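**Q** Pasting final25.tsv here (TSV, C-alpha atoms):
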chain	number	residue	atom	x	y	z
A	1	MET	CA	-20.85	110.13	28.39
A	2	LYS	CA	-17.98	111.12	26.12
A	3	LYS	CA	-20.32	113.41	24.17
A	4	ASN	CA	-21.36	115.22	27.37
A	5	ASN	CA	-17.73	115.72	28.38
A	6	LEU	CA	-16.95	117.15	24.91
A	7	LYS	CA	-19.84	119.60	25.16
A	8	LEU	CA	-18.67	120.77	28.59
A	9	LEU	CA	-15.14	121.28	27.25
A	10	LEU	CA	-16.34	123.33	24.24
A	11	THR	CA	-18.56	125.49	26.48
A	12	ALA	CA	-15.65	126.23	28.82
A	13	LEU	CA	-13.42	127.22	25.88
A	14	LEU	CA	-16.11	129.54	24.49
A	15	ILE	CA	-16.54	131.31	27.84
A	16	THR	CA	-12.76	131.76	28.23
A	17	THR	CA	-12.36	133.16	24.68
A	18	THR	CA	-15.26	135.60	25.11
A	19	SER	CA	-13.82	136.87	28.40
A	20	MET	CA	-10.45	137.51	26.73
A	21	VAL	CA	-12.06	139.49	23.89
A	22	PHE	CA	-13.96	141.74	26.32
A	23	ALA	CA	-10.82	142.30	28.37
A	24	ALA	CA	-8.87	143.35	25.25
A	25	CYS	CA	-11.59	145.73	24.05
A	26	SER	CA	-11.90	147.50	27.39
A	27	GLY	CA	-8.42	149.04	26.97
A	28	LYS	CA	-9.63	151.26	24.09
A	29	ASP	CA	-12.02	153.32	26.22
A	30	ASN	CA	-11.04	157.04	26.40
A	31	ASN	CA	-12.04	156.92	30.06
A	32	SER	CA	-10.29	153.63	30.86
A	33	LYS	CA	-9.25	152.90	34.44
A	34	ASP	CA	-5.62	152.94	35.50
A	35	THR	CA	-5.58	149.99	37.92
A	36	SER	CA	-2.16	150.87	39.30
A	37	LYS	CA	-3.51	154.02	40.97
A	38	GLY	CA	-7.24	153.56	40.70
A	39	GLU	CA	-7.55	156.70	38.52
A	40	LYS	CA	-9.22	157.18	35.17
A	41	THR	CA	-7.53	158.56	32.07
A	42	GLN	CA	-9.70	161.15	30.30
A	43	THR	CA	-9.48	162.84	26.91
A	44	ILE	CA	-11.35	165.79	25.37
A	45	THR	CA	-10.84	167.76	22.15
A	46	SER	CA	-10.83	171.55	21.75
A	47	LEU	CA	-10.93	172.59	18.08
A	48	GLY	CA	-11.36	175.75	15.99
A	49	SER	CA	-9.89	179.27	15.96
A	50	THR	CA	-6.19	179.39	15.10
A	51	ALA	CA	-6.03	182.82	16.78
A	52	LEU	CA	-6.97	181.19	20.09
A	53	LYS	CA	-4.99	177.99	19.52
A	54	PRO	CA	-1.67	179.13	21.10
A	55	LEU	CA	-3.42	179.92	24.38
A	56	VAL	CA	-5.45	176.71	24.45
A	57	GLU	CA	-2.33	174.64	23.69
A	58	GLU	CA	-0.24	176.24	26.43
A	59	SER	CA	-3.11	176.14	28.93
A	60	ALA	CA	-3.62	172.44	28.17
A	61	LYS	CA	0.06	171.77	28.98
A	62	LYS	CA	-0.19	173.63	32.30
A	63	PHE	CA	-3.47	171.89	33.13
A	64	LYS	CA	-1.89	168.49	32.46
A	65	GLU	CA	0.87	169.29	34.96
A	66	LYS	CA	-1.86	169.51	37.60
A	67	LYS	CA	-3.78	166.47	36.31
A	68	PRO	CA	-1.32	164.07	34.59
A	69	LYS	CA	-4.01	161.51	33.76
A	70	VAL	CA	-5.92	163.83	31.39
A	71	THR	CA	-5.30	164.73	27.75
A	72	ILE	CA	-6.60	167.87	26.04
A	73	ASN	CA	-6.31	167.47	22.25
A	74	VAL	CA	-6.00	170.95	20.69
A	75	GLN	CA	-6.61	171.45	16.97
A	76	GLY	CA	-7.03	174.39	14.59
A	77	GLY	CA	-9.27	174.43	11.53
A	78	GLY	CA	-10.86	177.86	11.95
A	79	SER	CA	-13.79	179.25	13.92
A	80	GLY	CA	-16.36	177.86	11.48
A	81	ALA	CA	-15.05	174.33	11.98
A	82	GLY	CA	-14.99	174.76	15.75
A	83	ILE	CA	-18.60	175.89	15.92
A	84	SER	CA	-19.94	173.31	13.47
A	85	GLN	CA	-18.12	170.38	15.09
A	86	VAL	CA	-19.13	171.21	18.65
A	87	SER	CA	-22.70	171.66	17.39
A	88	GLU	CA	-22.55	168.20	15.78
A	89	GLY	CA	-21.17	166.72	19.00
A	90	THR	CA	-17.90	165.50	17.44
A	91	VAL	CA	-15.74	167.60	19.82
A	92	GLU	CA	-16.27	168.75	23.40
A	93	ILE	CA	-15.16	172.38	22.86
A	94	GLY	CA	-15.42	174.61	19.78
A	95	ASN	CA	-13.11	177.65	19.72
A	96	SER	CA	-14.18	180.79	17.86
A	97	ASP	CA	-13.30	184.47	17.36
A	98	VAL	CA	-16.94	185.22	16.54
A	99	PRO	CA	-20.38	184.41	18.02
A	100	ALA	CA	-21.87	181.06	17.00
A	101	GLU	CA	-24.91	182.79	15.49
A	102	SER	CA	-22.70	184.26	12.76
A	103	LYS	CA	-21.51	180.81	11.62
A	104	LEU	CA	-24.51	178.50	12.09
A	105	LYS	CA	-27.37	178.87	9.61
A	106	ASP	CA	-29.67	176.89	11.90
A	107	LYS	CA	-30.38	179.36	14.72
A	108	GLU	CA	-31.99	176.65	16.83
A	109	LYS	CA	-28.69	174.73	16.83
A	110	ALA	CA	-26.89	177.90	17.87
A	111	LYS	CA	-29.19	178.12	20.90
A	112	GLU	CA	-28.00	174.68	22.01
A	113	LEU	CA	-24.46	176.01	22.47
A	114	VAL	CA	-23.18	177.61	25.66
A	115	ASP	CA	-20.75	180.49	25.19
A	116	HIS	CA	-17.69	180.73	27.45
A	117	LYS	CA	-15.83	184.01	26.82
A	118	VAL	CA	-12.34	183.16	27.99
A	119	CYS	CA	-10.37	186.28	26.99
A	120	VAL	CA	-10.06	189.17	24.54
A	121	ILE	CA	-7.65	189.23	21.61
A	122	GLY	CA	-6.40	192.16	19.57
A	123	PHE	CA	-5.44	191.94	15.90
A	124	SER	CA	-3.02	193.99	13.84
A	125	ILE	CA	-2.61	194.93	10.22
A	126	VAL	CA	0.74	193.37	9.33
A	127	THR	CA	3.12	193.87	6.38
A	128	HIS	CA	6.47	192.61	5.18
A	129	LYS	CA	9.22	194.27	7.25
A	130	ASP	CA	10.50	196.35	4.30
A	131	VAL	CA	7.20	198.13	3.55
A	132	LYS	CA	7.78	201.89	4.06
A	133	VAL	CA	4.45	202.62	5.76
A	134	ASP	CA	3.82	202.80	9.51
A	135	ASN	CA	0.16	203.80	9.61
A	136	LEU	CA	-2.99	203.27	7.53
A	137	THR	CA	-6.43	204.78	7.89
A	138	LYS	CA	-9.49	202.54	7.83
A	139	GLU	CA	-10.32	203.97	4.41
A	140	GLN	CA	-6.87	203.04	3.08
A	141	ILE	CA	-7.12	199.49	4.46
A	142	GLN	CA	-10.55	199.12	2.88
A	143	GLY	CA	-9.15	200.45	-0.40
A	144	ILE	CA	-6.33	197.89	-0.38
A	145	PHE	CA	-8.58	194.90	0.28
A	146	THR	CA	-11.22	196.02	-2.25
A	147	GLY	CA	-8.58	196.51	-4.94
A	148	LYS	CA	-8.80	200.31	-5.10
A	149	TYR	CA	-5.14	200.68	-4.12
A	150	THR	CA	-2.66	198.26	-5.70
A	151	ASN	CA	0.66	200.06	-5.13
A	152	TRP	CA	2.16	201.21	-1.84
A	153	LYS	CA	2.90	204.67	-3.29
A	154	GLU	CA	-0.87	205.28	-3.36
A	155	VAL	CA	-1.00	205.12	0.45
A	156	GLY	CA	2.22	206.96	1.29
A	157	GLY	CA	4.82	204.27	0.61
A	158	GLU	CA	7.33	203.57	-2.13
A	159	ASP	CA	6.64	202.37	-5.68
A	160	LEU	CA	5.99	198.71	-4.88
A	161	LYS	CA	3.12	196.36	-5.70
A	162	ILE	CA	0.76	195.55	-2.82
A	163	ASN	CA	0.43	191.79	-2.33
A	164	VAL	CA	-2.73	190.97	-0.38
A	165	ILE	CA	-2.85	187.84	1.79
A	166	ASN	CA	-6.36	187.05	3.03
A	167	ARG	CA	-8.06	184.31	5.05
A	168	PRO	CA	-10.86	181.95	3.92
A	169	LYS	CA	-14.48	182.89	4.60
A	170	SER	CA	-14.68	180.26	7.35
A	171	SER	CA	-12.03	182.14	9.35
A	172	GLY	CA	-13.16	183.95	12.48
A	173	THR	CA	-10.20	186.31	12.15
A	174	ARG	CA	-11.46	187.31	8.71
A	175	ALA	CA	-14.98	187.77	10.08
A	176	THR	CA	-13.61	190.08	12.78
A	177	PHE	CA	-11.60	192.00	10.16
A	178	LYS	CA	-14.71	192.42	8.04
A	179	ASP	CA	-16.90	193.56	10.95
A	180	THR	CA	-14.45	195.98	12.57
A	181	ILE	CA	-12.35	197.29	9.67
A	182	MET	CA	-14.11	196.65	6.35
A	183	GLU	CA	-17.53	197.54	7.79
A	184	ASP	CA	-20.00	197.47	4.86
A	185	LYS	CA	-17.39	196.83	2.15
A	186	ASN	CA	-16.56	193.41	0.68
A	187	GLU	CA	-13.01	192.23	0.01
A	188	LYS	CA	-12.14	191.67	-3.65
A	189	GLU	CA	-11.90	187.90	-3.99
A	190	ASP	CA	-9.58	187.68	-7.00
A	191	ILE	CA	-6.66	189.68	-5.64
A	192	GLY	CA	-3.76	188.19	-3.72
A	193	ILE	CA	-3.82	184.76	-2.12
A	194	ILE	CA	-5.74	182.92	0.60
A	195	GLN	CA	-4.00	181.22	3.54
A	196	ASP	CA	-5.83	178.74	5.78
A	197	SER	CA	-4.15	179.49	9.11
A	198	SER	CA	-2.47	182.26	11.08
A	199	ASP	CA	0.85	180.41	10.92
A	200	ALA	CA	0.62	180.24	7.12
A	201	VAL	CA	-0.21	183.96	6.92
A	202	SER	CA	2.81	184.86	9.05
A	203	LYS	CA	5.17	182.80	6.89
A	204	SER	CA	3.70	184.20	3.65
A	205	ILE	CA	4.15	187.81	4.79
A	206	GLN	CA	7.76	187.18	5.77
A	207	ALA	CA	8.46	185.58	2.37
A	208	THR	CA	6.57	188.06	0.13
A	209	LYS	CA	7.77	191.60	-0.56
A	210	GLY	CA	5.05	194.24	-0.46
A	211	SER	CA	2.65	191.88	1.33
A	212	ILE	CA	-0.12	192.85	3.74
A	213	SER	CA	-2.53	190.88	5.91
A	214	TYR	CA	-3.80	190.74	9.50
A	215	LEU	CA	-2.90	188.56	12.49
A	216	ALA	CA	-3.90	188.07	16.11
A	217	LEU	CA	-1.47	189.59	18.60
A	218	SER	CA	-0.86	186.05	19.90
A	219	TYR	CA	1.09	185.49	16.68
A	220	LEU	CA	2.94	188.79	17.05
A	221	THR	CA	4.94	188.39	20.24
A	222	GLU	CA	8.55	189.58	20.07
A	223	GLU	CA	9.75	186.09	19.22
A	224	LYS	CA	7.16	185.48	16.48
A	225	SER	CA	7.11	188.91	14.82
A	226	GLN	CA	10.59	188.75	13.30
A	227	GLY	CA	10.37	189.77	9.63
A	228	LEU	CA	6.96	191.41	10.16
A	229	LYS	CA	5.83	195.01	10.58
A	230	LEU	CA	2.80	196.01	12.67
A	231	LEU	CA	0.92	199.06	11.44
A	232	LYS	CA	-1.10	201.58	13.40
A	233	ILE	CA	-4.74	202.10	12.41
A	234	ASP	CA	-5.70	205.79	12.23
A	235	GLY	CA	-2.59	206.56	14.28
A	236	VAL	CA	-3.46	204.14	17.13
A	237	GLU	CA	-1.27	201.17	18.12
A	238	ALA	CA	-2.59	197.70	18.87
A	239	THR	CA	-1.86	197.69	22.62
A	240	LYS	CA	-3.73	196.22	25.59
A	241	GLU	CA	-4.46	199.69	26.97
A	242	ASN	CA	-5.84	201.01	23.67
A	243	ILE	CA	-8.07	197.94	23.25
A	244	ILE	CA	-9.43	198.13	26.81
A	245	ASN	CA	-10.11	201.87	26.40
A	246	LYS	CA	-11.86	201.22	23.05
A	247	LYS	CA	-9.43	203.50	21.20
A	248	TYR	CA	-8.27	200.68	18.93
A	249	PRO	CA	-10.96	199.05	16.77
A	250	PHE	CA	-9.57	195.66	15.70
A	251	TRP	CA	-10.27	193.13	18.49
A	252	SER	CA	-12.74	190.43	19.51
A	253	TYR	CA	-13.79	188.20	22.37
A	254	GLU	CA	-12.46	184.66	22.24
A	255	HIS	CA	-15.22	182.11	22.69
A	256	MET	CA	-15.04	178.46	23.74
A	257	TYR	CA	-18.40	176.82	23.04
A	258	THR	CA	-19.88	173.66	24.53
A	259	LYS	CA	-23.05	171.84	23.50
A	260	GLY	CA	-25.08	172.38	26.63
A	261	GLU	CA	-23.59	173.07	30.03
A	262	PRO	CA	-20.13	171.52	30.39
A	263	GLU	CA	-19.51	168.66	32.78
A	264	GLY	CA	-16.56	166.71	34.14
A	265	LEU	CA	-13.18	167.33	32.52
A	266	THR	CA	-14.62	169.84	30.01
A	267	LYS	CA	-15.97	171.99	32.84
A	268	GLU	CA	-12.71	171.73	34.81
A	269	PHE	CA	-10.61	172.79	31.84
A	270	LEU	CA	-12.83	175.78	30.97
A	271	GLU	CA	-12.72	176.93	34.60
A	272	TYR	CA	-8.93	176.67	34.50
A	273	MET	CA	-8.79	178.70	31.26
A	274	MET	CA	-10.41	181.66	33.07
A	275	SER	CA	-8.78	181.16	36.46
A	276	ASP	CA	-6.23	183.36	38.22
A	277	ASP	CA	-3.79	180.44	37.92
A	278	ASN	CA	-3.86	180.86	34.13
A	279	LYS	CA	-3.89	184.67	34.02
A	280	GLU	CA	-0.11	185.04	33.71
A	281	ASN	CA	-0.15	182.59	30.81
A	282	VAL	CA	-2.93	184.55	29.08
A	283	GLU	CA	-1.00	187.83	29.28
A	284	LYS	CA	2.35	186.31	28.32
A	285	LEU	CA	0.88	184.97	25.08
A	286	GLY	CA	-0.58	188.32	23.98
A	287	TYR	CA	-4.20	187.96	25.12
A	288	ILE	CA	-6.20	190.12	27.54
A	289	PRO	CA	-7.70	188.34	30.57
A	290	ILE	CA	-11.48	188.52	30.48
A	291	GLY	CA	-11.50	190.03	33.99
A	292	ASP	CA	-9.43	193.03	32.81
A	293	PHE	CA	-11.84	193.97	30.05
A	294	LYS	CA	-14.59	196.39	30.95
Is it possible to express this structure as C-alpha cells?
**A**
Amino acid sequence: MKKNNLKLLLTALLITTTSMVFAACSGKDNNSKDTSKGEKTQTITSLGSTALKPLVEESAKKFKEKKPKVTINVQGGGSGAGISQVSEGTVEIGNSDVPAESKLKDKEKAKELVDHKVCVIGFSIVTHKDVKVDNLTKEQIQGIFTGKYTNWKEVGGEDLKINVINRPKSSGTRATFKDTIMEDKNEKEDIGIIQDSSDAVSKSIQATKGSISYLALSYLTEEKSQGLKLLKIDGVEATKENIINKKYPFWSYEHMYTKGEPEGLTKEFLEYMMSDDNKENVEKLGYIPIGDFK
C-alpha cells in the first residue's frame, strides 16, 4: 500500500514539473499572447540596403505607433545580404537597391522572391566640402574611379590629391553606381579605401581632404550633409524633378523582397510603406514616392 502511495506521489510531482517547464518555454515565442489584452505580440525583420534603411527605420516607428504590439527589426548589411537572407528564409523582408537577379547566382531562387518597389531614390557624387569643383562629367567620374585622374587639377580643381572612397561589391549602391555612371568600365580596386555602409562613407568624406564618393540622397538631407559637397553630373543637379523627368542619371528603385507572397504582419507593413499615410515620411527623408514616378 505504501509503495502505491509513493508511486502516485512521484507521478503527481512529474506532471506538475512538466507543466511548469512548458509554461516557462511558451513565453519565448515571437508571437506570444498578451493575456492582459488578449492580443499577440509579433516581430519581423527587414534587412539589407543601407540606402533604404533610414526610411524603413522611420516607417517602422510610425507603424508601431498604430500597432504598439508589433516590432519591426531593421538592420543594414547591404543589398546582397538582404537578398540572400530573405532567399534563405532567415528574415521576412530583404531590402535592396538592385533587382534580386543581379545578386543571386541561382536564378530559380530569384524567382521565388516577390518584388515590392516601395519608392525611388536618387544618389549624388559627393566630395569633401573644400574640393573646388562643382560639376563633373560622366567621363571625368569614370576617369577618377578607374585611376586615370588622381589629382583634382586634372578635372578643373586645385592641385590636391583625389582620395577615392568606394563601397564593397555586395553594395547595391555600388551596383547602381556601376550601372548608371561607370557603364562598361570597372573601378580600379587598389585605389582609395572601401567603406561598408553609407554612414561610414559620409564620415570618411567629412574627415578626408580631397575625398570623393557617392551617397543616397537619404543621407544628404540638410541636417546630414554638413561637411559634404554635392556635385552636379554633366551640369544636372540631383533633384526630385530631374530624376522624375529622367534628366539625372544616378537613381534606382528601392526594393523590399519577400519569399513568396507576404502574409500577416509582413504584408501589413509593406502596405503601410507604400500608403498615403507614409508618403510625407518618404518625401521628408529624401526619397520619391513610388506613385510620383512615371
**Q** How close does each residue of segment 42-92 of chain A get to segment 188-197 of chain A, giving the shortest atom pair and distance in Å to one decimal for every residue with an atom at most 9 Å away, counting all atoms listed in the file, sorted by chain and residue number, as a Markdown table?
**A**
| residue | atom | partner | partner_atom | distance |
| --- | --- | --- | --- | --- |
| A:Ser49 | CA | A:Ser197 | CA | 8.9 |
| A:Thr50 | CA | A:Ser197 | CA | 6.3 |
| A:Ala51 | CA | A:Ser197 | CA | 8.6 |
| A:Gly76 | CA | A:Ser197 | CA | 8.0 |
| A:Gly77 | CA | A:Ser197 | CA | 7.6 |
| A:Gly78 | CA | A:Ser197 | CA | 7.5 |
**Q** For the residues in the current selection, export C-alpha atoms as a PDB file, in the coordinates of the input.
**A**
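So the final result, stored in again21.pdb, reads:
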ATOM      1  CA  SER A  49      -9.890 179.270  15.960  1.00  0.00           C
ATOM      2  CA  THR A  50      -6.190 179.390  15.100  1.00  0.00           C
ATOM      3  CA  ALA A  51      -6.030 182.820  16.780  1.00  0.00           C
ATOM      4  CA  GLY A  76      -7.030 174.390  14.590  1.00  0.00           C
ATOM      5  CA  GLY A  77      -9.270 174.430  11.530  1.00  0.00           C
ATOM      6  CA  GLY A  78     -10.860 177.860  11.950  1.00  0.00           C
TER       7      GLY A  78
END
**Q** Do you have the atom CA of Ala81 of chain A-atom CA of Tyr257 of chain A distance handy?
**A**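 Atom CA of Tyr257 of chain A lies at a distance of 11.8 Å from atom CA of Ala81 of chain A.
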**Q** Report, in Å to a single decimal, how far apart atom CA of Lys111 of chain A and atom CA of Asn186 of chain A are.
**A**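 Interatomic distance here is 28.3 Å.
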**Q** Figure out the distance between atom CA of Gln226 of chain A and atom CA of Thr146 of chain A, please, to one decimal in Å.
**A**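 One can read the atom CA of Thr146 of chain A to atom CA of Gln226 of chain A distance as 27.8 Å.
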**Q** Could you produce a table of the residues of segment 32-114 of chain A lying within 10 Å of segment 282-285 of chain A, with the nearest pair of atoms per residue and their separation in Å rounded to one decimal, using only C-alpha atoms, ordered by chain and increasing residue number, as a Markdown table?
**A**
| residue | atom | partner | partner_atom | distance |
| --- | --- | --- | --- | --- |
| A:Pro54 | CA | A:Leu285 | CA | 7.5 |
| A:Leu55 | CA | A:Val282 | CA | 6.6 |
| A:Val56 | CA | A:Val282 | CA | 9.4 |
| A:Glu58 | CA | A:Leu285 | CA | 8.9 |
| A:Ser59 | CA | A:Val282 | CA | 8.4 |
**Q** Counting all atoms listed in the file, which of A:Lys117, A:Lys40, A:Lys105, A:Lys209 gets nearest to Met273 of chain A?
**A**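 With all atoms listed in the file as the atom set, the closest residue is A:Lys117.
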**Q** Hey, which of A:Thr127, A:Ser275, A:Gln142, A:Thr150 ends up closest to Ile165 of chain A? Count all atoms listed in the file.
**A** A:Thr127
**Q** Ranking A:Gly82, A:Gly48, A:Gly286, A:Pro68 by minimum distance to Leu220 of chain A and counting all atoms listed in the file, which one comes first?
**A**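 Checking each of A:Gly82, A:Gly48, A:Gly286, A:Pro68 against Leu220 of chain A, counting all atoms listed in the file, the winner is A:Gly286.
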**Q** Quick one: of A:Lys61, A:Lys53, A:Lys129, A:Lys232, who's nearest to Phe269 of chain A, counting all atoms listed in the file?
**A**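 Looking only at the distances to Phe269 of chain A, the closest residue turns out to be A:Lys61.
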**Q** Of the residues A:Asn95, A:Gln206, A:Asn166, A:Thr90, which is the one nearest to Leu47 of chain A, using only C-alpha atoms?
**A**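 Comparing A:Asn95, A:Gln206, A:Asn166, A:Thr90 against Leu47 of chain A, the winner is A:Asn95.
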**Q** Extract, using all atoms listed in the file, all DNA, RNA and protein residues at most 10 Å from Glu183 of chain A, discarding same-chain residues fewer than 4 positions from it, and format them as a count of residues only.
**A** 6
**Q** For Gly80 of chain A, which residue out of A:Lys229, A:Lys169, A:Lys109, A:Lys67 is the nearest one, using all atoms listed in the file?
**A**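 Closest to Gly80 of chain A, using all atoms listed in the file: A:Lys169.
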**Q** List the spatial neighbours of Phe250 of chain A as a PyMOL selection string - criterion: any atom at most 10 Å away, only C-alpha atoms, same-chain residues fewer than 3 positions off excluded.
**A** chain A and resi 121-125+176-181+214+216+233+238+243+246-247
**Q** Let me have the centre and edge lengths of the axis-aligned box enclosing all listed atoms of segment 214-232 of chain A with 3 Å padding on every side, in Å to one decimal, as lines of an AutoDock Vina configuration file.
**A**
center_x = 3.3
center_y = 193.5
center_z = 14.9
size_x = 20.5
size_y = 22.1
size_z = 16.7
**Q** When you get a chance, write out N, CA, C and O atoms for segment 188-206 of chain A, as a short mmCIF file (atom, residue, chain, number, x, y, z; two decimals), keeping the file's coordinate frame.
**A**
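Now in result_8.cif:
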data_model
loop_
_atom_site.label_atom_id
_atom_site.label_comp_id
_atom_site.auth_asym_id
_atom_site.auth_seq_id
_atom_site.Cartn_x
_atom_site.Cartn_y
_atom_site.Cartn_z
N LYS A 188 -12.19 192.15 -2.26
CA LYS A 188 -12.14 191.67 -3.65
C LYS A 188 -11.54 190.26 -3.64
O LYS A 188 -10.43 190.05 -3.15
N GLU A 189 -12.30 189.31 -4.13
CA GLU A 189 -11.90 187.90 -3.99
C GLU A 189 -10.77 187.47 -4.91
O GLU A 189 -10.08 186.51 -4.63
N ASP A 190 -10.57 188.16 -6.02
CA ASP A 190 -9.58 187.68 -7.00
C ASP A 190 -8.24 188.39 -6.92
O ASP A 190 -7.45 188.36 -7.85
N ILE A 191 -7.99 189.08 -5.80
CA ILE A 191 -6.66 189.68 -5.64
C ILE A 191 -5.90 188.94 -4.55
O ILE A 191 -6.48 188.46 -3.57
N GLY A 192 -4.59 188.83 -4.73
CA GLY A 192 -3.76 188.19 -3.72
C GLY A 192 -4.01 186.70 -3.58
O GLY A 192 -4.49 186.03 -4.49
N ILE A 193 -3.68 186.19 -2.39
CA ILE A 193 -3.82 184.76 -2.12
C ILE A 193 -4.58 184.54 -0.81
O ILE A 193 -4.73 185.46 -0.01
N ILE A 194 -5.05 183.31 -0.62
CA ILE A 194 -5.74 182.92 0.60
C ILE A 194 -4.86 181.95 1.37
O ILE A 194 -4.30 181.02 0.80
N GLN A 195 -4.73 182.16 2.69
CA GLN A 195 -4.00 181.22 3.54
C GLN A 195 -4.95 180.71 4.62
O GLN A 195 -5.72 181.47 5.20
N ASP A 196 -4.85 179.40 4.91
CA ASP A 196 -5.83 178.74 5.78
C ASP A 196 -5.60 178.95 7.27
O ASP A 196 -6.51 178.70 8.06
N SER A 197 -4.43 179.37 7.67
CA SER A 197 -4.15 179.49 9.11
C SER A 197 -3.30 180.72 9.40
O SER A 197 -2.66 181.28 8.51
N SER A 198 -3.29 181.11 10.67
CA SER A 198 -2.47 182.26 11.08
C SER A 198 -0.99 181.99 10.87
O SER A 198 -0.24 182.88 10.46
N ASP A 199 -0.55 180.77 11.15
CA ASP A 199 0.85 180.41 10.92
C ASP A 199 1.24 180.59 9.45
O ASP A 199 2.30 181.13 9.13
N ALA A 200 0.35 180.14 8.56
CA ALA A 200 0.62 180.24 7.12
C ALA A 200 0.65 181.69 6.67
O ALA A 200 1.46 182.08 5.82
N VAL A 201 -0.22 182.53 7.25
CA VAL A 201 -0.21 183.96 6.92
C VAL A 201 1.11 184.58 7.33
O VAL A 201 1.74 185.31 6.56
N SER A 202 1.56 184.30 8.55
CA SER A 202 2.81 184.86 9.05
C SER A 202 3.99 184.50 8.14
O SER A 202 4.80 185.36 7.78
N LYS A 203 4.07 183.24 7.76
CA LYS A 203 5.17 182.80 6.89
C LYS A 203 5.09 183.44 5.51
O LYS A 203 6.11 183.80 4.92
N SER A 204 3.88 183.60 4.98
CA SER A 204 3.70 184.20 3.65
C SER A 204 4.12 185.66 3.65
O SER A 204 4.74 186.15 2.70
N ILE A 205 3.77 186.40 4.71
CA ILE A 205 4.15 187.81 4.79
C ILE A 205 5.67 187.93 4.83
O ILE A 205 6.26 188.77 4.13
N GLN A 206 6.30 187.11 5.65
CA GLN A 206 7.76 187.18 5.77
C GLN A 206 8.45 186.88 4.44
O GLN A 206 9.52 187.42 4.15
#
